[in-house]
$ cat input_23.cif   # mmCIF, C-alpha atoms and all ligand atoms
data_my_file
#
loop_
_atom_site.label_atom_id
_atom_site.label_comp_id
_atom_site.auth_asym_id
_atom_site.auth_seq_id
_atom_site.Cartn_x
_atom_site.Cartn_y
_atom_site.Cartn_z
CA MET C 1 103.00 108.42 109.42
CA PHE C 2 104.06 105.03 110.80
CA SER C 3 106.83 104.61 113.33
CA GLY C 4 109.05 101.63 113.92
CA LYS C 5 111.70 101.40 116.63
CA HIS C 6 114.19 103.71 114.91
CA VAL C 7 112.53 105.08 111.77
CA ARG C 8 109.28 106.65 110.60
CA LEU C 9 107.63 106.16 107.22
CA ARG C 10 105.97 109.31 105.95
CA ARG C 11 104.51 110.86 102.80
CA LEU C 12 106.90 112.78 100.56
CA GLU C 13 106.84 116.58 100.63
CA GLU C 14 107.86 118.79 97.69
CA THR C 15 110.90 119.86 99.71
CA ASP C 16 112.15 116.25 99.77
CA ALA C 17 112.98 116.42 96.05
CA GLY C 18 116.25 118.24 96.86
CA THR C 19 117.29 115.63 99.46
CA ILE C 20 116.52 112.75 97.13
CA PHE C 21 118.35 114.56 94.29
CA SER C 22 121.50 114.92 96.43
CA HIS C 23 121.77 111.11 96.64
CA TRP C 24 120.03 110.00 93.48
CA ASN C 25 122.74 110.35 90.85
CA ASN C 26 125.20 108.20 92.79
CA TYR C 27 125.71 105.03 90.72
CA GLU C 28 126.64 102.98 93.83
CA LEU C 29 123.05 103.51 94.99
CA ARG C 30 121.17 103.70 91.69
CA GLN C 31 122.56 100.40 90.38
CA TYR C 32 120.22 98.57 92.78
CA LEU C 33 117.13 100.65 91.96
CA PRO C 34 114.82 100.15 88.99
CA SER C 35 116.67 102.61 86.71
CA PRO C 36 120.37 103.53 86.86
CA LEU C 37 119.96 106.51 84.47
CA PRO C 38 120.81 109.98 85.86
CA SER C 39 117.98 112.32 86.84
CA SER C 40 117.66 116.11 86.78
CA SER C 41 116.29 118.10 89.72
CA GLU C 42 113.10 118.64 87.68
CA ASP C 43 112.81 114.84 87.24
CA LEU C 44 112.94 114.47 91.03
CA ALA C 45 110.35 117.23 91.59
CA GLU C 46 108.08 115.43 89.10
CA LEU C 47 108.81 112.08 90.79
CA VAL C 48 107.61 113.48 94.14
CA ARG C 49 104.44 114.89 92.51
CA ALA C 50 103.79 111.62 90.65
CA LYS C 51 104.33 109.44 93.75
CA ASN C 52 101.98 111.63 95.78
CA ARG C 53 99.34 111.45 93.05
CA LEU C 54 99.61 107.63 92.98
CA PHE C 55 99.43 107.56 96.78
CA ARG C 56 96.18 109.57 96.72
CA GLU C 57 94.82 107.18 94.06
CA ARG C 58 95.83 104.22 96.26
CA SER C 59 97.73 102.61 93.40
CA GLU C 60 101.21 102.91 94.95
CA PHE C 61 102.38 103.73 98.48
CA PHE C 62 105.74 105.48 98.28
CA PHE C 63 107.15 106.45 101.67
CA GLY C 64 110.14 108.47 102.75
CA ILE C 65 112.14 106.95 105.60
CA GLU C 66 113.23 109.31 108.36
CA GLU C 67 115.25 108.43 111.44
CA CYS C 68 113.20 109.17 114.55
CA SER C 69 116.02 111.05 116.31
CA ARG C 70 117.10 113.11 113.27
CA GLY C 71 113.96 115.07 112.43
CA LYS C 72 112.39 115.37 109.00
CA GLU C 73 115.42 114.72 106.78
CA LEU C 74 114.93 111.61 104.65
CA ILE C 75 117.50 108.82 105.02
CA GLY C 76 115.89 106.54 102.43
CA ILE C 77 112.78 105.45 100.56
CA ILE C 78 110.57 102.37 100.41
CA ASN C 79 107.38 101.60 98.49
CA LEU C 80 104.58 99.19 97.72
CA GLU C 81 103.65 99.12 94.04
CA SER C 82 101.84 96.98 91.44
CA ILE C 83 99.02 96.66 93.97
CA SER C 84 96.12 94.36 93.15
CA TRP C 85 93.14 95.22 95.35
CA MET C 86 91.29 92.17 94.02
CA SER C 87 94.04 89.65 94.79
CA ARG C 88 95.32 91.78 97.67
CA HIS C 89 98.96 91.59 96.72
CA ALA C 90 101.71 94.14 96.11
CA PHE C 91 105.41 94.31 95.25
CA ILE C 92 108.24 96.17 96.91
CA GLY C 93 109.62 98.36 94.11
CA SER C 94 112.25 100.79 95.42
CA PHE C 95 114.02 100.39 98.72
CA CYS C 96 117.23 102.00 99.91
CA ILE C 97 119.05 103.76 102.70
CA PHE C 98 120.80 106.60 100.86
CA GLU C 99 124.08 106.92 102.77
CA PRO C 100 126.38 103.87 102.96
CA SER C 101 127.46 105.14 106.41
CA LEU C 102 123.86 104.73 107.65
CA ARG C 103 123.55 101.15 106.41
CA GLY C 104 124.06 98.13 108.66
CA LYS C 105 122.54 99.97 111.64
CA GLY C 106 119.12 98.33 111.54
CA TYR C 107 117.25 101.20 109.80
CA GLY C 108 116.48 99.16 106.67
CA LYS C 109 115.04 96.24 108.60
CA ASP C 110 112.99 98.55 110.80
CA ALA C 111 111.63 100.34 107.70
CA MET C 112 110.74 97.04 106.02
CA LEU C 113 108.99 95.67 109.14
CA THR C 114 107.05 98.93 109.45
CA LEU C 115 106.03 98.74 105.78
CA LEU C 116 104.97 95.08 106.10
CA ASP C 117 102.95 95.90 109.22
CA PHE C 118 101.23 98.63 107.15
CA ALA C 119 100.68 96.19 104.26
CA PHE C 120 99.21 93.40 106.38
CA ASN C 121 97.75 95.04 109.47
CA VAL C 122 96.54 98.37 108.07
CA ILE C 123 95.49 97.77 104.46
CA ASP C 124 95.00 93.99 104.79
CA LEU C 125 97.11 92.72 101.89
CA HIS C 126 97.47 88.95 101.65
CA VAL C 127 100.96 88.69 100.12
CA VAL C 128 103.89 91.01 99.47
CA ALA C 129 106.53 89.98 96.91
CA LEU C 130 109.74 91.41 95.52
CA LEU C 131 112.52 90.84 93.02
CA VAL C 132 116.13 91.19 94.12
CA GLU C 133 119.40 90.62 92.33
CA SER C 134 120.64 87.24 93.49
CA ASN C 135 124.08 88.63 94.43
CA ASN C 136 122.68 91.41 96.67
CA ARG C 137 123.47 89.62 99.96
CA PRO C 138 122.73 92.55 102.30
CA ALA C 139 119.25 92.97 100.83
CA ILE C 140 118.48 89.22 100.74
CA GLY C 141 119.69 88.83 104.36
CA LEU C 142 117.37 91.64 105.41
CA TYR C 143 114.41 90.21 103.49
CA GLU C 144 114.92 86.80 105.15
CA GLU C 145 114.94 88.53 108.56
CA CYS C 146 111.57 90.04 107.60
CA CYS C 147 110.05 86.60 106.75
CA PHE C 148 110.46 86.75 102.96
CA VAL C 149 111.19 83.33 101.44
CA ASN C 150 113.18 82.61 98.26
CA ARG C 151 110.70 81.27 95.66
CA GLY C 152 113.23 80.72 92.88
CA SER C 153 115.20 82.76 90.42
CA MET C 154 115.01 84.13 86.93
CA ARG C 155 118.23 83.66 85.04
CA GLU C 156 120.30 86.55 83.64
CA LEU C 157 117.33 88.92 83.85
CA VAL C 158 119.31 92.06 84.66
CA TYR C 159 122.33 93.61 82.90
CA ARG C 160 124.63 95.43 85.29
CA ASN C 161 128.23 96.59 85.00
CA GLY C 162 128.86 94.52 81.90
CA LYS C 163 127.44 91.32 83.41
CA ARG C 164 124.11 89.55 83.43
CA CYS C 165 122.66 88.80 86.91
CA ASP C 166 120.08 86.32 88.09
CA VAL C 167 117.11 87.75 89.95
CA THR C 168 115.55 86.06 92.99
CA VAL C 169 111.80 86.11 93.61
CA MET C 170 110.81 86.38 97.28
CA ASP C 171 107.45 86.63 99.00
CA VAL C 172 105.81 86.70 102.41
CA LEU C 173 102.22 85.89 103.34
CA LYS C 174 100.29 87.89 105.94
CA LYS C 175 99.94 84.84 108.23
CA GLU C 176 103.71 84.20 108.11
CA PHE C 177 104.50 87.80 109.05
CA ILE C 178 101.95 87.84 111.86
CA GLU C 179 103.15 84.50 113.22
CA ARG C 180 106.63 85.98 113.73
CA TYR C 181 106.01 89.68 114.36
CA GLY C 182 102.33 89.97 115.33
CA ILE C 183 100.75 93.41 115.01
CA LEU C 184 103.44 96.02 115.55
CA PRO C 185 102.79 99.12 117.67
CA LYS C 186 102.12 102.19 115.50
CA GLY C 187 103.36 105.72 116.01
CA ASP C 188 101.10 108.16 117.85
CA ASP C 189 100.80 110.54 114.91
CA ALA C 190 97.81 110.39 112.63
CA PHE C 191 98.32 109.06 109.10
C1 LIG I 1 119.48 96.85 101.39
C2 LIG I 1 119.49 98.00 102.40
C3 LIG I 1 118.22 98.81 102.23
C4 LIG I 1 119.53 97.38 103.81
O1 LIG I 1 119.37 98.41 104.78
P1 LIG I 1 120.32 98.44 106.08
O2 LIG I 1 119.83 99.53 106.94
O3 LIG I 1 121.73 98.49 105.66
O4 LIG I 1 120.02 97.00 106.72
P2 LIG I 1 119.96 96.64 108.26
O5 LIG I 1 121.10 97.30 108.99
O6 LIG I 1 118.58 96.94 108.77
O7 LIG I 1 120.20 95.07 108.24
C5 LIG I 1 119.17 94.18 108.57
C6 LIG I 1 119.59 92.76 108.29
O8 LIG I 1 119.97 92.62 106.93
C7 LIG I 1 121.03 91.69 106.81
N1 LIG I 1 122.22 92.35 106.32
C8 LIG I 1 122.52 93.66 106.35
N2 LIG I 1 123.73 93.90 105.77
C9 LIG I 1 124.18 92.68 105.39
C10 LIG I 1 125.37 92.23 104.72
N3 LIG I 1 126.32 93.11 104.34
N4 LIG I 1 125.49 90.91 104.46
C11 LIG I 1 124.52 90.03 104.83
N5 LIG I 1 123.38 90.39 105.46
C12 LIG I 1 123.24 91.69 105.74
C13 LIG I 1 121.27 91.14 108.18
O9 LIG I 1 120.43 90.00 108.34
C14 LIG I 1 120.79 92.28 109.06
O10 LIG I 1 120.38 91.84 110.31
P3 LIG I 1 121.41 91.87 111.56
O11 LIG I 1 121.97 93.26 111.61
O12 LIG I 1 120.53 91.53 112.72
O13 LIG I 1 122.46 90.86 111.23
C15 LIG I 1 120.74 98.91 102.25
O14 LIG I 1 121.89 98.11 102.34
C16 LIG I 1 120.77 99.66 100.92
O15 LIG I 1 120.21 100.73 100.81
N6 LIG I 1 121.46 99.08 99.92
C17 LIG I 1 121.58 99.71 98.59
C18 LIG I 1 120.26 99.65 97.83
C19 LIG I 1 119.72 98.24 97.74
O16 LIG I 1 120.46 97.28 97.58
N7 LIG I 1 118.39 98.14 97.84
C20 LIG I 1 117.68 96.86 97.74
C21 LIG I 1 117.31 96.62 96.32
S1 LIG I 1 116.36 95.11 96.16
#
$ encode --input "input_23.cif" --output "structure tokens"
Amino acid sequence: MFSGKHVRLRRLEETDAGTIFSHWNNYELRQYLPSPLPSSSEDLAELVRAKNRLFRERSEFFFGIEECSRGKELIGIINLESISWMSRHAFIGSFCIFEPSLRGKGYGKDAMLTLLDFAFNVIDLHVVALLVESNNRPAIGLYEECCFVNRGSMRELVYRNGKRCDVTVMDVLKKEFIERYGILPKGDDAF
């Protein structure tokens, strides 16, 4: 488990499936995640099992985000996927703070900095990249705060709410992250 200033990143537990399910079928949230299709509670239980299997295989690192002062209840998720151990790169795949009322309080940025510290200073990746819809200003603002740089866009790649959206490619190199943030302090708990 890795702690930032306000949040901890931890492995998913089977009991998290219910928490994720209670937020998951909200279109406001799902429209920004890889698939907007509704899920059943069994889908979510299988998702937790699958993400934990991939974590053990070191092919994806899917973390739950919990707020340090609120105990074990998840407030969001964040992951590193499409990992290349040869090229030492990975992509951010899913990232959200579930409740709109908990957004804008710094939890997302803290979670992303904690994940990037894990990516660069724990597992020694060289570059982390992501794709984000070009009109998602809150997310792009956060990524810029975390040293991601806009590397260009792909036109009309995503279809959402009856419209086609451009998608922006962003990346950050290990040296760029370390230049700004150094090596962040880790939580006391063992991983
Ligand atoms: C994107 C998301 C994870 C950000 O998490 P958050 O906890 O709300 O973000 P933070 O409060 O940590 O904000 C950090 C920085 O992001 C930027 N930011 C946040 N909200 C913003 C907004 N509405 N407009 C512009 N920039 C914004 C700011 O730079 C902010 O730094 P500041 O507070 O020092 O100004 C959250 O909004 C979310 O879950 N959105 C829905 C799902 C989603 O869009 N996921 C990303 C898919 S690529």
$ residues_around --input "input_23.cif" --residues "Leu184 of chain C" --least-positions-apart "4" --cutoff "10 Å" --atoms "all atoms listed in the file" --output "list of chain:residue names"
C:Ser3, C:Gly4, C:Lys5, C:Leu113, C:Thr114, C:Leu116, C:Asp117, C:Phe118, C:Asn121, C:Ile178
$ atom_distance --input "input_23.cif" --atom1 "atom O11 of ligand LIG 1 (chain I)" --atom2 "atom CA of Lys105 of chain C"
6.7 Å
$ closest_atom_pairs --input "input_23.cif" --of "chain C" --to "ligand LIG 1 (chain I)" --cutoff "7 Å" --atoms "only C-alpha atoms and all ligand atoms" --output "JSON lines"
{"residue": "C:Leu29", "atom": "CA", "partner": "I:LIG1", "partner_atom": "C17", "distance": 5.4}
{"residue": "C:Tyr32", "atom": "CA", "partner": "I:LIG1", "partner_atom": "O16", "distance": 5.0}
{"residue": "C:Leu33", "atom": "CA", "partner": "I:LIG1", "partner_atom": "C21", "distance": 5.9}
{"residue": "C:Ser94", "atom": "CA", "partner": "I:LIG1", "partner_atom": "C21", "distance": 6.6}
{"residue": "C:Phe95", "atom": "CA", "partner": "I:LIG1", "partner_atom": "N7", "distance": 5.0}
{"residue": "C:Cys96", "atom": "CA", "partner": "I:LIG1", "partner_atom": "O15", "distance": 3.4}
{"residue": "C:Ile97", "atom": "CA", "partner": "I:LIG1", "partner_atom": "O15", "distance": 3.8}
{"residue": "C:Phe98", "atom": "CA", "partner": "I:LIG1", "partner_atom": "O15", "distance": 5.9}
{"residue": "C:Leu102", "atom": "CA", "partner": "I:LIG1", "partner_atom": "O2", "distance": 6.6}
{"residue": "C:Arg103", "atom": "CA", "partner": "I:LIG1", "partner_atom": "O3", "distance": 3.3}
{"residue": "C:Gly104", "atom": "CA", "partner": "I:LIG1", "partner_atom": "O5", "distance": 3.1}
{"residue": "C:Lys105", "atom": "CA", "partner": "I:LIG1", "partner_atom": "O5", "distance": 4.0}
{"residue": "C:Gly106", "atom": "CA", "partner": "I:LIG1", "partner_atom": "O6", "distance": 3.1}
{"residue": "C:Tyr107", "atom": "CA", "partner": "I:LIG1", "partner_atom": "O2", "distance": 4.2}
{"residue": "C:Gly108", "atom": "CA", "partner": "I:LIG1", "partner_atom": "O2", "distance": 3.4}
{"residue": "C:Lys109", "atom": "CA", "partner": "I:LIG1", "partner_atom": "O6", "distance": 3.6}
{"residue": "C:Asp110", "atom": "CA", "partner": "I:LIG1", "partner_atom": "O6", "distance": 6.2}
{"residue": "C:Leu131", "atom": "CA", "partner": "I:LIG1", "partner_atom": "S1", "distance": 6.5}
{"residue": "C:Val132", "atom": "CA", "partner": "I:LIG1", "partner_atom": "S1", "distance": 4.4}
{"residue": "C:Glu133", "atom": "CA", "partner": "I:LIG1", "partner_atom": "S1", "distance": 6.6}
{"residue": "C:Asn136", "atom": "CA", "partner": "I:LIG1", "partner_atom": "O16", "distance": 6.3}
{"residue": "C:Arg137", "atom": "CA", "partner": "I:LIG1", "partner_atom": "C11", "distance": 5.0}
{"residue": "C:Pro138", "atom": "CA", "partner": "I:LIG1", "partner_atom": "C9", "distance": 3.4}
{"residue": "C:Ala139", "atom": "CA", "partner": "I:LIG1", "partner_atom": "C1", "distance": 3.9}
{"residue": "C:Ile140", "atom": "CA", "partner": "I:LIG1", "partner_atom": "N5", "distance": 6.9}
{"residue": "C:Gly141", "atom": "CA", "partner": "I:LIG1", "partner_atom": "C7", "distance": 4.0}
{"residue": "C:Leu142", "atom": "CA", "partner": "I:LIG1", "partner_atom": "O8", "distance": 3.2}
{"residue": "C:Tyr143", "atom": "CA", "partner": "I:LIG1", "partner_atom": "O8", "distance": 7.0}
{"residue": "C:Glu145", "atom": "CA", "partner": "I:LIG1", "partner_atom": "O9", "distance": 5.7}
$ write_last_selection --input "input_23.cif" --atoms "C-alpha atoms" --output "tab-separated table (two decimals), in the frame of the given file"
chain	number	residue	atom	x	y	z
C	29	LEU	CA	123.05	103.51	94.99
C	32	TYR	CA	120.22	98.57	92.78
C	33	LEU	CA	117.13	100.65	91.96
C	94	SER	CA	112.25	100.79	95.42
C	95	PHE	CA	114.02	100.39	98.72
C	96	CYS	CA	117.23	102.00	99.91
C	97	ILE	CA	119.05	103.76	102.70
C	98	PHE	CA	120.80	106.60	100.86
C	102	LEU	CA	123.86	104.73	107.65
C	103	ARG	CA	123.55	101.15	106.41
C	104	GLY	CA	124.06	98.13	108.66
C	105	LYS	CA	122.54	99.97	111.64
C	106	GLY	CA	119.12	98.33	111.54
C	107	TYR	CA	117.25	101.20	109.80
C	108	GLY	CA	116.48	99.16	106.67
C	109	LYS	CA	115.04	96.24	108.60
C	110	ASP	CA	112.99	98.55	110.80
C	131	LEU	CA	112.52	90.84	93.02
C	132	VAL	CA	116.13	91.19	94.12
C	133	GLU	CA	119.40	90.62	92.33
C	136	ASN	CA	122.68	91.41	96.67
C	137	ARG	CA	123.47	89.62	99.96
C	138	PRO	CA	122.73	92.55	102.30
C	139	ALA	CA	119.25	92.97	100.83
C	140	ILE	CA	118.48	89.22	100.74
C	141	GLY	CA	119.69	88.83	104.36
C	142	LEU	CA	117.37	91.64	105.41
C	143	TYR	CA	114.41	90.21	103.49
C	145	GLU	CA	114.94	88.53	108.56
$ closest_residue --input "input_23.cif" --among "C:Leu157, C:Cys146, C:Val172, C:Leu12" --to "Lys72 of chain C" --atoms "all atoms listed in the file"
C:Leu12
$ atom_distance --input "input_23.cif" --atom1 "atom CA of Asn161 of chain C" --atom2 "atom CA of Gly93 of chain C"
20.8 Å
$ residues_near_point --input "input_23.cif" --point "(104.3, 106.9, 90.3)" --cutoff "12 Å" --atoms "all atoms listed in the file" --output "list in words"
Leu44, Glu46, Leu47, Val48, Arg49, Ala50, Lys51, Asn52, Arg53, Leu54, Phe55, Arg56, Glu57, Arg58, Ser59, Glu60, Phe61, Phe62, Phe63, Asn79, Leu80, Glu81, Ser82, Gly93 and Ser94 of chain C
$ write_last_selection --input "input_23.cif" --atoms "C-alpha atoms" --output "PDB file, in the frame of the given file"
ATOM      1  CA  LEU C  44     112.940 114.470  91.030  1.00  0.00           C
ATOM      2  CA  GLU C  46     108.080 115.430  89.100  1.00  0.00           C
ATOM      3  CA  LEU C  47     108.810 112.080  90.790  1.00  0.00           C
ATOM      4  CA  VAL C  48     107.610 113.480  94.140  1.00  0.00           C
ATOM      5  CA  ARG C  49     104.440 114.890  92.510  1.00  0.00           C
ATOM      6  CA  ALA C  50     103.790 111.620  90.650  1.00  0.00           C
ATOM      7  CA  LYS C  51     104.330 109.440  93.750  1.00  0.00           C
ATOM      8  CA  ASN C  52     101.980 111.630  95.780  1.00  0.00           C
ATOM      9  CA  ARG C  53      99.340 111.450  93.050  1.00  0.00           C
ATOM     10  CA  LEU C  54      99.610 107.630  92.980  1.00  0.00           C
ATOM     11  CA  PHE C  55      99.430 107.560  96.780  1.00  0.00           C
ATOM     12  CA  ARG C  56      96.180 109.570  96.720  1.00  0.00           C
ATOM     13  CA  GLU C  57      94.820 107.180  94.060  1.00  0.00           C
ATOM     14  CA  ARG C  58      95.830 104.220  96.260  1.00  0.00           C
ATOM     15  CA  SER C  59      97.730 102.610  93.400  1.00  0.00           C
ATOM     16  CA  GLU C  60     101.210 102.910  94.950  1.00  0.00           C
ATOM     17  CA  PHE C  61     102.380 103.730  98.480  1.00  0.00           C
ATOM     18  CA  PHE C  62     105.740 105.480  98.280  1.00  0.00           C
ATOM     19  CA  PHE C  63     107.150 106.450 101.670  1.00  0.00           C
ATOM     20  CA  ASN C  79     107.380 101.600  98.490  1.00  0.00           C
ATOM     21  CA  LEU C  80     104.580  99.190  97.720  1.00  0.00           C
ATOM     22  CA  GLU C  81     103.650  99.120  94.040  1.00  0.00           C
ATOM     23  CA  SER C  82     101.840  96.980  91.440  1.00  0.00           C
ATOM     24  CA  GLY C  93     109.620  98.360  94.110  1.00  0.00           C
ATOM     25  CA  SER C  94     112.250 100.790  95.420  1.00  0.00           C
TER      26      SER C  94
END
$ atom_distance --input "input_23.cif" --atom1 "atom CA of Leu125 of chain C" --atom2 "atom CA of Ser84 of chain C"
8.9 Å
$ residues_around --input "input_23.cif" --residues "Pro38 of chain C" --least-positions-apart "2" --cutoff "12 Å" --atoms "all atoms listed in the file" --output "PyMOL selection string"
chain C and resi 21-27+29-31+33-36+40-44
$ closest_residue --input "input_23.cif" --among "C:Val7, C:Ala17, C:Ile183, C:Cys147" --to "Ala45 of chain C" --atoms "only C-alpha atoms"
C:Ala17
$ closest_residue --input "input_23.cif" --among "C:Val128, C:Asn150, C:Val158, C:Asn135" --to "Leu173 of chain C" --atoms "all atoms listed in the file"
C:Val128
